[in-house]
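Here's model_31.cif, which has mmCIF, C-alpha atoms and all ligand atoms:
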data_my_file
loop_
_atom_site.label_atom_id
_atom_site.label_comp_id
_atom_site.auth_asym_id
_atom_site.auth_seq_id
_atom_site.Cartn_x
_atom_site.Cartn_y
_atom_site.Cartn_z
CA MET A 135 -1.43 -13.82 17.94
CA LYS A 136 1.83 -12.01 17.59
CA ILE A 137 2.17 -8.57 16.05
CA ALA A 138 5.51 -7.06 15.11
CA VAL A 139 5.23 -3.30 15.55
CA LEU A 140 7.65 -1.37 13.33
CA PRO A 141 7.00 2.38 13.60
CA GLY A 142 10.01 3.46 11.50
CA ASP A 143 10.77 7.10 10.78
CA GLY A 144 9.19 10.53 10.63
CA ILE A 145 5.52 10.55 11.56
CA GLY A 146 5.68 6.72 11.70
CA THR A 147 6.29 6.68 15.45
CA GLU A 148 3.44 9.10 16.19
CA ILE A 149 0.77 7.39 14.11
CA VAL A 150 1.70 3.84 15.09
CA ALA A 151 1.44 4.79 18.77
CA GLU A 152 -2.21 5.74 18.19
CA ALA A 153 -2.97 2.49 16.35
CA VAL A 154 -1.40 0.53 19.21
CA LYS A 155 -3.68 2.35 21.70
CA VAL A 156 -6.68 1.33 19.62
CA LEU A 157 -5.53 -2.32 19.45
CA ASN A 158 -5.06 -2.35 23.20
CA VAL A 159 -8.66 -1.47 24.04
CA LEU A 160 -10.33 -4.14 21.89
CA GLY A 161 -10.28 -6.71 24.67
CA LEU A 162 -8.29 -9.14 22.50
CA LYS A 163 -5.07 -10.84 23.51
CA PHE A 164 -2.08 -10.03 21.35
CA GLU A 165 1.58 -10.15 21.94
CA MET A 166 3.02 -6.96 20.48
CA GLU A 167 6.74 -6.54 20.06
CA GLN A 168 8.32 -3.38 18.77
CA ALA A 169 11.52 -3.01 16.72
CA LEU A 170 13.44 -0.40 14.78
CA VAL A 171 13.25 -0.17 11.00
CA GLY A 172 14.33 2.27 8.29
CA GLY A 173 16.45 5.30 9.15
CA ALA A 174 15.91 4.72 12.87
CA ALA A 175 17.41 1.23 12.53
CA TYR A 176 20.25 2.56 10.42
CA GLU A 177 21.13 5.07 13.14
CA ALA A 178 21.06 2.43 15.87
CA HIS A 179 22.39 -0.66 14.07
CA GLY A 180 23.92 0.58 10.81
CA HIS A 181 21.26 -1.15 8.67
CA PRO A 182 17.66 -0.19 7.73
CA LEU A 183 16.47 -3.81 8.17
CA PRO A 184 18.56 -5.43 10.91
CA GLU A 185 18.52 -9.24 11.21
CA SER A 186 16.67 -8.98 14.53
CA THR A 187 13.87 -6.89 13.00
CA LEU A 188 13.53 -9.24 10.04
CA LYS A 189 13.42 -12.25 12.37
CA LEU A 190 10.68 -10.65 14.46
CA ALA A 191 8.66 -9.83 11.33
CA LYS A 192 9.01 -13.39 10.01
CA GLU A 193 7.90 -14.95 13.28
CA ALA A 194 4.90 -12.68 13.74
CA ASP A 195 1.42 -13.29 12.35
CA ALA A 196 1.32 -9.71 11.18
CA VAL A 197 3.47 -6.63 10.96
CA LEU A 198 2.10 -3.19 11.80
CA PHE A 199 4.33 -0.77 9.95
CA GLY A 200 4.53 3.03 10.14
CA ALA A 201 6.68 4.62 7.46
CA VAL A 202 10.34 4.89 6.55
CA GLY A 203 12.54 7.50 4.96
CA ASP A 204 13.98 10.94 5.37
CA TRP A 205 15.73 13.21 2.90
CA LYS A 206 18.83 13.11 5.04
CA TYR A 207 19.45 9.50 3.97
CA ASP A 208 19.23 10.20 0.22
CA LYS A 209 23.00 10.23 -0.15
CA LEU A 210 23.58 6.83 1.47
CA ASP A 211 24.46 3.84 -0.70
CA ARG A 212 21.22 2.32 -1.94
CA PRO A 213 21.37 -0.85 0.24
CA LEU A 214 21.52 1.33 3.35
CA ARG A 215 18.64 3.66 2.50
CA PRO A 216 15.47 3.41 4.61
CA GLU A 217 13.32 2.35 1.62
CA GLN A 218 15.33 -0.87 1.43
CA ALA A 219 13.69 -1.92 4.70
CA ILE A 220 10.21 -2.06 3.21
CA LEU A 221 11.47 -3.63 -0.02
CA GLY A 222 13.44 -6.18 2.03
CA LEU A 223 10.40 -7.05 4.14
CA ARG A 224 8.25 -7.50 1.02
CA LYS A 225 10.86 -9.74 -0.56
CA ASN A 226 11.81 -11.79 2.51
CA LEU A 227 8.24 -12.39 3.62
CA GLY A 228 7.02 -12.97 0.05
CA LEU A 229 4.37 -10.24 0.39
CA PHE A 230 3.26 -10.33 -3.23
CA ALA A 231 -0.31 -9.06 -2.95
CA ASN A 232 -0.76 -5.43 -2.03
CA PHE A 233 -4.29 -4.19 -1.34
CA ARG A 234 -4.74 -0.44 -1.55
CA PRO A 235 -8.35 0.59 -1.15
CA ALA A 236 -9.28 4.13 -2.18
CA ILE A 237 -12.48 4.93 -0.38
CA CYS A 238 -14.05 8.34 -0.27
CA TYR A 239 -15.66 8.92 3.11
CA GLU A 240 -18.96 10.71 2.79
CA GLN A 241 -17.84 13.22 5.44
CA LEU A 242 -14.73 14.10 3.39
CA VAL A 243 -16.19 14.53 -0.09
CA GLY A 244 -15.21 18.19 0.05
CA ALA A 245 -11.53 17.38 0.69
CA SER A 246 -11.02 16.00 -2.81
CA SER A 247 -9.67 18.18 -5.58
CA LEU A 248 -12.24 16.60 -7.89
CA LYS A 249 -15.89 17.64 -8.12
CA PRO A 250 -17.98 16.03 -5.37
CA GLU A 251 -20.26 14.23 -7.85
CA LEU A 252 -17.25 12.46 -9.39
CA ILE A 253 -16.03 10.98 -6.13
CA ALA A 254 -19.03 10.71 -3.75
CA GLY A 255 -19.33 7.01 -2.94
CA LEU A 256 -15.99 6.13 -4.52
CA ASP A 257 -14.76 2.68 -3.49
CA ILE A 258 -11.89 1.32 -5.57
CA LEU A 259 -9.57 -1.52 -4.64
CA ILE A 260 -6.15 -1.39 -6.24
CA ILE A 261 -4.36 -4.72 -6.12
CA ARG A 262 -0.71 -4.18 -6.84
CA GLU A 263 1.74 -7.02 -7.45
CA LEU A 264 4.51 -6.30 -4.98
CA THR A 265 7.51 -8.60 -5.36
CA GLY A 266 8.22 -8.61 -9.10
CA ASP A 267 8.53 -6.26 -12.06
CA ILE A 268 11.23 -3.65 -12.56
CA TYR A 269 11.46 -3.18 -8.77
CA PHE A 270 13.23 -6.50 -8.27
CA GLY A 271 14.21 -7.61 -11.78
CA GLN A 272 17.85 -8.49 -12.34
CA PRO A 273 20.18 -7.51 -13.85
CA ARG A 274 20.34 -3.84 -13.00
CA GLY A 275 23.15 -1.40 -12.57
CA ARG A 276 25.49 0.99 -14.28
CA ARG A 277 27.91 0.22 -17.07
CA VAL A 278 29.42 1.58 -20.26
CA ALA A 279 27.05 1.17 -23.19
CA THR A 280 28.20 -1.12 -25.97
CA ASP A 281 25.19 -0.35 -28.20
CA GLY A 282 22.15 1.97 -28.25
CA HIS A 283 22.21 5.62 -29.23
CA PHE A 284 25.49 6.43 -27.50
CA PRO A 285 27.92 3.49 -27.49
CA GLY A 286 30.78 4.13 -25.10
CA ALA A 287 28.68 6.40 -22.87
CA GLU A 288 27.95 5.68 -19.21
CA GLU A 289 24.44 4.25 -18.77
CA ALA A 290 22.11 2.79 -16.15
CA PHE A 291 19.58 -0.01 -16.60
CA ASP A 292 16.88 -2.00 -14.78
CA THR A 293 15.04 -5.12 -15.85
CA MET A 294 11.27 -5.40 -16.13
CA ARG A 295 10.20 -9.03 -15.85
CA TYR A 296 7.29 -11.19 -14.73
CA SER A 297 7.04 -14.97 -14.62
CA ARG A 298 3.82 -16.85 -15.34
CA PRO A 299 3.28 -18.00 -11.72
CA GLU A 300 3.75 -14.45 -10.45
CA ILE A 301 1.05 -13.15 -12.78
CA GLU A 302 -1.25 -16.11 -12.18
CA ARG A 303 -1.27 -15.76 -8.41
CA ILE A 304 -1.98 -12.03 -8.39
CA ALA A 305 -4.70 -12.53 -11.02
CA HIS A 306 -6.37 -15.12 -8.76
CA VAL A 307 -6.19 -12.70 -5.84
CA ALA A 308 -7.88 -10.02 -7.95
CA PHE A 309 -10.66 -12.23 -9.31
CA GLN A 310 -11.38 -13.64 -5.86
CA ALA A 311 -11.50 -10.16 -4.37
CA ALA A 312 -13.85 -9.05 -7.14
CA ARG A 313 -16.22 -11.92 -6.29
CA LYS A 314 -16.71 -10.33 -2.87
CA ARG A 315 -17.39 -6.94 -4.46
CA SER A 316 -19.05 -5.90 -7.70
CA LYS A 317 -17.43 -8.66 -9.83
CA LYS A 318 -15.45 -6.39 -12.09
CA VAL A 319 -11.70 -6.35 -12.64
CA THR A 320 -9.65 -3.89 -14.68
CA SER A 321 -6.20 -5.23 -15.50
CA VAL A 322 -3.79 -2.41 -16.23
CA ASP A 323 -0.88 -3.04 -18.61
CA LYS A 324 1.26 -1.52 -21.32
CA ALA A 325 0.83 -4.38 -23.77
CA ASN A 326 1.02 -2.00 -26.72
CA VAL A 327 4.73 -1.43 -26.03
CA LEU A 328 6.16 -3.84 -23.46
CA GLU A 329 6.74 -7.58 -23.89
CA THR A 330 6.40 -8.05 -20.12
CA PHE A 331 2.93 -6.56 -20.16
CA GLN A 332 1.72 -8.36 -23.29
CA PHE A 333 2.56 -11.51 -21.33
CA TRP A 334 0.78 -10.06 -18.28
CA LYS A 335 -2.34 -9.44 -20.35
CA ASP A 336 -2.24 -12.94 -21.91
CA VAL A 337 -1.84 -14.70 -18.55
CA VAL A 338 -4.55 -12.60 -16.83
CA THR A 339 -6.89 -13.46 -19.71
CA GLU A 340 -6.13 -17.18 -19.28
CA VAL A 341 -6.76 -17.10 -15.53
CA HIS A 342 -10.00 -15.24 -16.15
CA ALA A 343 -11.40 -18.36 -17.85
CA GLN A 344 -11.76 -19.80 -14.33
CA TYR A 345 -13.90 -16.83 -13.25
CA PRO A 346 -16.68 -16.55 -15.84
CA ASP A 347 -18.86 -14.71 -13.32
CA VAL A 348 -16.36 -11.83 -13.11
CA GLU A 349 -16.11 -9.19 -15.82
CA LEU A 350 -12.56 -8.48 -17.03
CA GLN A 351 -11.47 -5.32 -18.79
CA HIS A 352 -7.93 -4.52 -19.99
CA MET A 353 -6.64 -0.97 -19.96
CA TYR A 354 -3.31 0.64 -20.88
CA VAL A 355 -1.69 2.38 -17.96
CA ASP A 356 -1.65 5.84 -19.53
CA ASN A 357 -5.36 5.60 -20.24
CA ALA A 358 -5.97 4.24 -16.73
CA ALA A 359 -4.21 7.28 -15.26
CA MET A 360 -6.54 9.47 -17.30
CA GLN A 361 -9.74 7.54 -16.57
CA LEU A 362 -8.97 7.59 -12.84
CA VAL A 363 -9.43 11.35 -12.76
CA LYS A 364 -12.09 11.48 -15.46
CA ALA A 365 -14.54 8.87 -14.17
CA PRO A 366 -13.06 7.15 -11.12
CA LYS A 367 -16.29 5.45 -10.13
CA ALA A 368 -16.16 3.36 -13.31
CA PHE A 369 -13.45 1.27 -11.59
CA ASP A 370 -13.93 -1.40 -8.97
CA VAL A 371 -10.99 -3.83 -8.61
CA VAL A 372 -7.86 -2.74 -10.44
CA VAL A 373 -5.00 -5.25 -10.76
CA THR A 374 -1.60 -4.26 -12.03
CA GLY A 375 2.15 -4.72 -11.76
CA ASN A 376 4.47 -3.32 -9.15
CA MET A 377 5.57 -0.15 -10.92
CA PHE A 378 2.22 0.89 -12.41
CA GLY A 379 0.56 0.02 -9.10
CA ASP A 380 2.92 2.29 -7.21
CA ILE A 381 1.98 5.22 -9.41
CA LEU A 382 -1.74 4.58 -9.85
CA SER A 383 -2.31 3.93 -6.16
CA ASP A 384 -0.92 7.35 -5.27
CA GLU A 385 -3.13 8.88 -7.91
CA ALA A 386 -6.19 7.00 -6.66
CA SER A 387 -5.48 7.97 -3.08
CA MET A 388 -5.71 11.63 -3.93
CA LEU A 389 -9.16 11.20 -5.44
CA THR A 390 -10.38 10.63 -1.94
CA GLY A 391 -9.03 13.91 -0.68
CA SER A 392 -6.49 12.63 1.75
CA ILE A 393 -3.80 10.04 1.57
CA GLY A 394 -3.91 10.32 5.37
CA MET A 395 -7.04 8.16 5.39
CA LEU A 396 -5.87 5.20 3.34
CA PRO A 397 -4.67 1.91 4.78
CA SER A 398 -2.94 -0.89 2.94
CA ALA A 399 -2.25 -4.58 3.34
CA SER A 400 0.51 -6.68 1.80
CA LEU A 401 -0.07 -10.42 2.02
CA ASN A 402 1.85 -13.59 1.29
CA THR A 403 0.48 -17.04 0.49
CA LYS A 404 0.18 -17.86 4.20
CA SER A 405 -1.98 -14.80 4.99
CA GLN A 406 0.86 -13.32 6.92
CA GLY A 407 0.70 -9.64 6.24
CA LEU A 408 2.31 -6.27 6.58
CA TYR A 409 -0.09 -3.42 7.26
CA GLU A 410 0.86 0.18 6.70
CA PRO A 411 -0.70 3.52 5.85
CA SER A 412 -0.48 4.34 2.14
CA HIS A 413 1.32 7.58 2.91
CA GLY A 414 4.98 8.00 3.73
CA SER A 415 7.06 9.30 6.63
CA ALA A 416 6.33 13.00 5.95
CA PRO A 417 9.53 14.33 7.58
CA ASP A 418 8.28 17.90 7.09
CA ILE A 419 5.58 17.45 9.75
CA ALA A 420 7.27 14.81 11.92
CA GLY A 421 7.35 15.45 15.65
CA LYS A 422 4.69 18.17 15.46
CA GLY A 423 1.78 15.99 16.54
CA VAL A 424 -0.34 16.97 13.53
CA ALA A 425 -0.19 13.84 11.35
CA ASN A 426 -3.38 11.93 10.65
CA PRO A 427 -3.29 8.55 12.44
CA LEU A 428 -6.46 7.24 10.77
CA ALA A 429 -4.73 5.47 7.87
CA THR A 430 -2.64 3.53 10.38
CA ILE A 431 -5.64 2.81 12.60
CA LEU A 432 -7.52 1.57 9.52
CA SER A 433 -4.47 -0.53 8.60
CA ALA A 434 -4.74 -2.16 12.02
CA ALA A 435 -8.36 -2.96 11.14
CA MET A 436 -7.24 -4.60 7.89
CA MET A 437 -4.68 -6.56 9.89
CA LEU A 438 -7.39 -7.89 12.22
CA ARG A 439 -9.52 -8.91 9.26
CA PHE A 440 -6.91 -10.43 6.94
CA SER A 441 -4.23 -11.92 9.18
CA LEU A 442 -5.71 -12.29 12.66
CA ASN A 443 -9.20 -13.58 11.90
CA GLN A 444 -10.93 -10.87 13.94
CA ALA A 445 -13.36 -9.41 11.44
CA GLU A 446 -15.70 -8.18 14.14
CA ALA A 447 -12.99 -6.12 15.82
CA ALA A 448 -12.06 -4.73 12.40
CA ASP A 449 -15.68 -3.65 11.85
CA ARG A 450 -15.68 -1.96 15.25
CA ILE A 451 -12.58 0.08 14.41
CA GLU A 452 -13.97 1.13 11.04
CA ALA A 453 -17.24 2.18 12.64
CA ALA A 454 -15.32 4.17 15.26
CA VAL A 455 -13.38 6.00 12.54
CA ASN A 456 -16.63 6.85 10.80
CA LYS A 457 -18.01 8.12 14.07
CA VAL A 458 -15.13 10.52 14.78
CA LEU A 459 -15.42 11.88 11.25
CA SER A 460 -19.13 12.41 11.77
CA GLN A 461 -18.34 14.20 15.02
CA GLY A 462 -16.45 16.68 12.82
CA LEU A 463 -12.96 15.88 14.10
CA ARG A 464 -10.26 16.53 11.51
CA THR A 465 -6.50 16.49 11.43
CA ALA A 466 -4.85 19.25 9.37
CA ASP A 467 -4.75 17.22 6.14
CA ILE A 468 -8.54 16.80 6.04
CA TYR A 469 -9.54 20.00 7.80
CA SER A 470 -12.17 22.25 6.26
CA GLU A 471 -14.13 25.19 7.58
CA GLY A 472 -16.78 24.31 10.12
CA THR A 473 -14.96 21.21 11.39
CA THR A 474 -12.82 20.79 14.50
CA ARG A 475 -9.09 20.63 14.01
CA VAL A 476 -7.33 18.07 16.21
CA GLY A 477 -3.82 16.67 16.53
CA THR A 478 -2.54 13.13 16.14
CA ARG A 479 -3.05 12.14 19.76
CA GLU A 480 -6.50 13.70 20.10
CA MET A 481 -7.62 11.87 16.97
CA GLY A 482 -6.30 8.54 18.29
CA GLU A 483 -7.97 9.11 21.63
CA ALA A 484 -11.24 10.03 19.95
CA VAL A 485 -11.20 6.70 18.11
CA VAL A 486 -10.49 4.87 21.38
CA LYS A 487 -13.45 6.67 22.96
CA ALA A 488 -15.72 5.96 19.99
CA LEU A 489 -14.99 2.25 20.42
CA GLY A 490 -16.94 2.52 23.65
C1 LIG B 1 5.03 2.56 -1.73
C2 LIG B 1 6.32 3.35 -1.68
C3 LIG B 1 7.49 2.39 -1.84
C4 LIG B 1 7.35 1.77 -3.21
C5 LIG B 1 8.88 3.00 -1.61
C6 LIG B 1 8.98 3.65 -0.26
C7 LIG B 1 9.97 1.99 -1.79
O1 LIG B 1 6.31 4.36 -2.64
O2 LIG B 1 4.86 1.67 -0.88
O3 LIG B 1 4.22 2.82 -2.60
O4 LIG B 1 7.84 2.33 -4.20
O5 LIG B 1 6.77 0.69 -3.31
MG MG B 2 4.46 4.56 -3.65
#

Translate the structure of the given file into structure tokens.
Ligand code: IPM
Ligand code: MG
Amino acid sequence: MKIAVLPGDGIGTEIVAEAVKVLNVLGLKFEMEQALVGGAAYEAHGHPLPESTLKLAKEADAVLFGAVGDWKYDKLDRPLRPEQAILGLRKNLGLFANFRPAICYEQLVGASSLKPELIAGLDILIIRELTGDIYFGQPRGRRVATDGHFPGAEEAFDTMRYSRPEIERIAHVAFQAARKRSKKVTSVDKANVLETFQFWKDVVTEVHAQYPDVELQHMYVDNAAMQLVKAPKAFDVVVTGNMFGDILSDEASMLTGSIGMLPSASLNTKSQGLYEPSHGSAPDIAGKGVANPLATILSAAMMLRFSLNQAEAADRIEAAVNKVLSQGLRTADIYSEGTTRVGTREMGEAVVKALG
């Protein structure tokens, strides 16, 4: 089992180090190889996703990823910006299925900005299509408009598009995931306005015919954004496109109180996967030792379950995380009165200890 470890930028290096400690005490044999990615790779090699890093990621069974990005790179040409590293990995490894669970830990109910009764027991799985849509659609660029409201004016454009096979495969992923949960899928679209998403809705409906045991509901994305804060527990599996999934998964993560708790998995057809916390590089707190490593540690658990066939080890990690929360240990992002504030390293070490 080979794991490519790509800590990246900002708090990425601090949180990944804790996840690596946890992986090392499981008594399993992995080969772990580390490489630069994002701004760190740009500094060292002039590119956010150097050939050598991409090669390592392709050869590995799984990639453990921290985070990329820093405001100081915002002025670089787009192909050199840190974000291109994660987009490039998704594209080159074909990581089309992104799992973003939003789980509200019982111990953290108070950390949510919503009323406790709305989110206690919350357990949503957002499945975001990750290699299509307006993120990757061509053509895109800048030009002088020849039509529209202001012919002759400078304009920019992107292309939203989805092919049938792209929609079919993510729909299958969603229905199969729902079979292992409460057998309910909400497909989020904008079929009332967009051709791409009318097609999305039609194809998801067709695929659903193969899953009569699963309930399918369609919802427009604006309504979904509203329902997520109104009655989040009404959702179970949510499947949607790349762009809507980006937005709704951030919204869903906040229902739980802390984005610092949420792992994610991005899988291809071969079960190779990239595992990363749902949060970003947080340059404002980088290097201070205060970031929450639990999302990354939980991402390592997802990695064991989905790509490395070690479900038991994944269960152990998740139980250990529950245990440290029950012990009252909290990083700054989830701290509340009456609990014990700890730093990144102390939290990682507490998980290691809880593994026994
Ligand atoms: C995410 C992030 C990325 C995305 C950025 C960093 C390119 O927001 O993983 O949700 O937009 O997909
Ligand atoms: Mg995002």

How many Å lie between atom CA of A:Ile149 and atom CA of A:Gly200, rounded to one decimal?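 If I compute the distance from atom CA of A:Ile149 to atom CA of A:Gly200, I get 7.0 Å.
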
Show me, as a PyMOL selection string, the residues that have an atom within 7 Å of A:Met353 when counting only C-alpha atoms, minus same-chain residues fewer than 5 positions from it. chain A and resi 320-323+358

Using all atoms listed in the file, which residue out of A:Leu382, A:Cys238, A:Leu401, A:Val139 lies closest to ligand MG 2 (chain B)?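 Checking each candidate against ligand MG 2 (chain B), we get A:Leu382 as the closest.
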
Provide the atom CA of A:Asp211 to atom CA of A:Gly173 distance in Å, to one decimal place.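 Straight-line distance from atom CA of A:Asp211 to atom CA of A:Gly173 works out to 12.8 Å.
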
Would you please work out which residue, of A:Arg450, A:Arg234, A:Lys225, A:Lys209, is nearest to A:Leu157 when using all atoms listed in the file?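 Of A:Arg450, A:Arg234, A:Lys225, A:Lys209, the one nearest A:Leu157 is A:Arg450, counting all atoms listed in the file.
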
Nearest to A:Ile451, chosen from A:Ala466, A:Leu432, A:Lys317, A:Asp336, with all atoms listed in the file counted in the distances: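 Checking each candidate against A:Ile451, we get A:Leu432 as the closest.
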
Pick out the residues sitting within 8 Å of A:Ala138, and hand them over as a VMD selection string; count all atoms listed in the file, and ignore anything fewer than 4 positions along from it in its own chain. chain A and resid 166 to 169 190 to 191 194 to 198

Taking into account only C-alpha atoms, which residue in the set A:Gln310, A:Thr293, A:Gln361, A:Ser387 is nearest to A:Ser247?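 Closest to A:Ser247, using only C-alpha atoms: A:Ser387.
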
Could you give me the residues within 9 Å of ligand MG 2 (chain B), counting all atoms listed in the file, as an MDAnalysis selection string? chainID A and resid 377 379:384 412:414

Mind pulling up the distance from atom CA of A:Glu410 to atom CA of A:Leu256?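 Taking atom CA of A:Leu256 as the start and atom CA of A:Glu410 as the end point, the length is 21.1 Å.
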
Write out as a PyMOL selection string the residues lying within 8 Å of A:Val486, counting all atoms listed in the file and excluding same-chain residues fewer than 3 positions away. chain A and resi 155-156+159+454+482-483+489-490

Counting only C-alpha atoms and all ligand atoms, the residue of A:Gly144, A:Pro411, A:Gly421, A:Gly391 that sits nearest ligand LIG 1 (chain B): A:Pro411
